[in-house]
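Colleague: my_file18.pdb is reproduced in full below (PDB, C-alpha atoms and all ligand atoms).
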ATOM      1  CA  MET A   1      35.586 -24.091  63.153
ATOM      2  CA  LEU A   2      32.317 -23.449  61.354
ATOM      3  CA  TYR A   3      29.902 -20.605  61.863
ATOM      4  CA  LEU A   4      26.345 -20.761  60.591
ATOM      5  CA  SER A   5      24.834 -17.844  58.713
ATOM      6  CA  SER A   6      27.809 -15.603  59.345
ATOM      7  CA  CYS A   7      28.816 -14.698  55.817
ATOM      8  CA  PRO A   8      29.155 -10.912  55.379
ATOM      9  CA  LYS A   9      28.411 -11.259  51.672
ATOM     10  CA  CYS A  10      25.486 -13.627  51.230
ATOM     11  CA  LYS A  11      24.323 -13.514  54.861
ATOM     12  CA  LYS A  12      23.216 -17.146  54.813
ATOM     13  CA  GLY A  13      26.392 -19.033  54.164
ATOM     14  CA  THR A  14      28.332 -21.148  56.597
ATOM     15  CA  ILE A  15      31.717 -19.654  57.348
ATOM     16  CA  GLU A  16      34.702 -21.909  57.788
ATOM     17  CA  TYR A  17      37.299 -20.377  60.054
ATOM     18  CA  THR A  18      40.901 -21.473  59.872
ATOM     19  CA  GLU A  19      44.058 -20.386  61.620
ATOM     20  CA  ASP A  20      47.501 -21.221  60.322
ATOM     21  CA  LYS A  21      50.998 -19.786  60.128
ATOM     22  CA  GLN A  22      49.829 -17.125  57.733
ATOM     23  CA  GLY A  23      47.097 -15.953  60.037
ATOM     24  CA  LYS A  24      43.379 -16.226  60.353
ATOM     25  CA  TYR A  25      41.271 -17.032  57.356
ATOM     26  CA  ILE A  26      37.564 -17.265  56.700
ATOM     27  CA  GLN A  27      35.717 -18.772  53.761
ATOM     28  CA  CYS A  28      32.041 -19.050  52.955
ATOM     29  CA  LEU A  29      31.056 -22.569  51.946
ATOM     30  CA  MET A  30      27.964 -21.305  50.146
ATOM     31  CA  CYS A  31      29.066 -18.385  47.960
ATOM     32  CA  GLY A  32      32.826 -18.782  48.075
ATOM     33  CA  TYR A  33      33.519 -15.489  49.799
ATOM     34  CA  ASN A  34      36.897 -15.607  51.459
ATOM     35  CA  LYS A  35      39.126 -13.265  53.340
ATOM     36  CA  ASN A  36      42.180 -13.151  55.498
ATOM     37  CA  SER A  37      41.119 -11.942  58.863
ATOM     38  CA  ASN A  38      43.473 -10.621  61.469
ATOM     39  CA  SER A  39      40.695  -9.059  63.444
ATOM     40  CA  LYS A  40      37.911 -10.671  65.409
ATOM     41  CA  ASP A  41      35.663  -7.847  64.338
ATOM     42  CA  THR A  42      35.937  -8.423  60.610
ATOM     43  CA  PHE A  43      32.818 -10.529  60.663
ATOM     44  CA  LYS A  44      30.195 -11.219  63.252
ATOM     45  CA  ILE A  45      29.871 -14.705  64.629
ATOM     46  CA  LYS A  46      26.275 -15.688  65.159
ATOM     47  CA  SER A  47      26.245 -19.426  65.623
ATOM     48  CA  LYS A  48      29.207 -21.407  66.801
ATOM     49  CA  ILE A  49      28.819 -25.088  66.036
ATOM     50  CA  SER A  50      32.312 -26.442  66.541
TER      51      SER A  50
HETATM   52 ZN    ZN A 101      28.543 -16.346  51.561
END
Starting from the file, lay out its structure as structure tokens.

Modeller:
Amino acid sequence: MLYLSSCPKCKKGTIEYTEDKQGKYIQCLMCGYNKNSNSKDTFKIKSKIS
């Protein structure tokens, strides 16, 4: 899944959200920010596009 303008670091980047065996994972396609996320509340989803 991709989320527009949801990056907690650069604020403008598109976040790619992935779930696998190791858990939930987000990465910013613009600035490269990435983080394992086991909580929905770790970042705010503004625009869901897929
Ligand atoms: Zn970013």

Colleague: Evaluate the PyMOL selection byres (((chain A and resi 27-30) around 9) and not hetatm) against this structure - the residues, as an NGL selection string, please.

Modeller: :A and (6-10 or 12-18 or 25-26 or 31-36)

Colleague: Listed atoms of region 4-20 of chain A, axis-aligned box, 8 Å per side: centre and edge lengths to one decimal in Å, as JSON?

Modeller:
{"center_x": 35.4, "center_y": -16.4, "center_z": 56.4, "size_x": 40.3, "size_y": 27.0, "size_z": 26.4}

Colleague: Between A:Lys11, A:Glu19, A:Lys24, A:Leu2, which is the closest to ligand ZN 101 (chain A) once you count all atoms listed in the file?

Modeller: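 Smallest distance to ligand ZN 101 (chain A) is found for A:Lys11.
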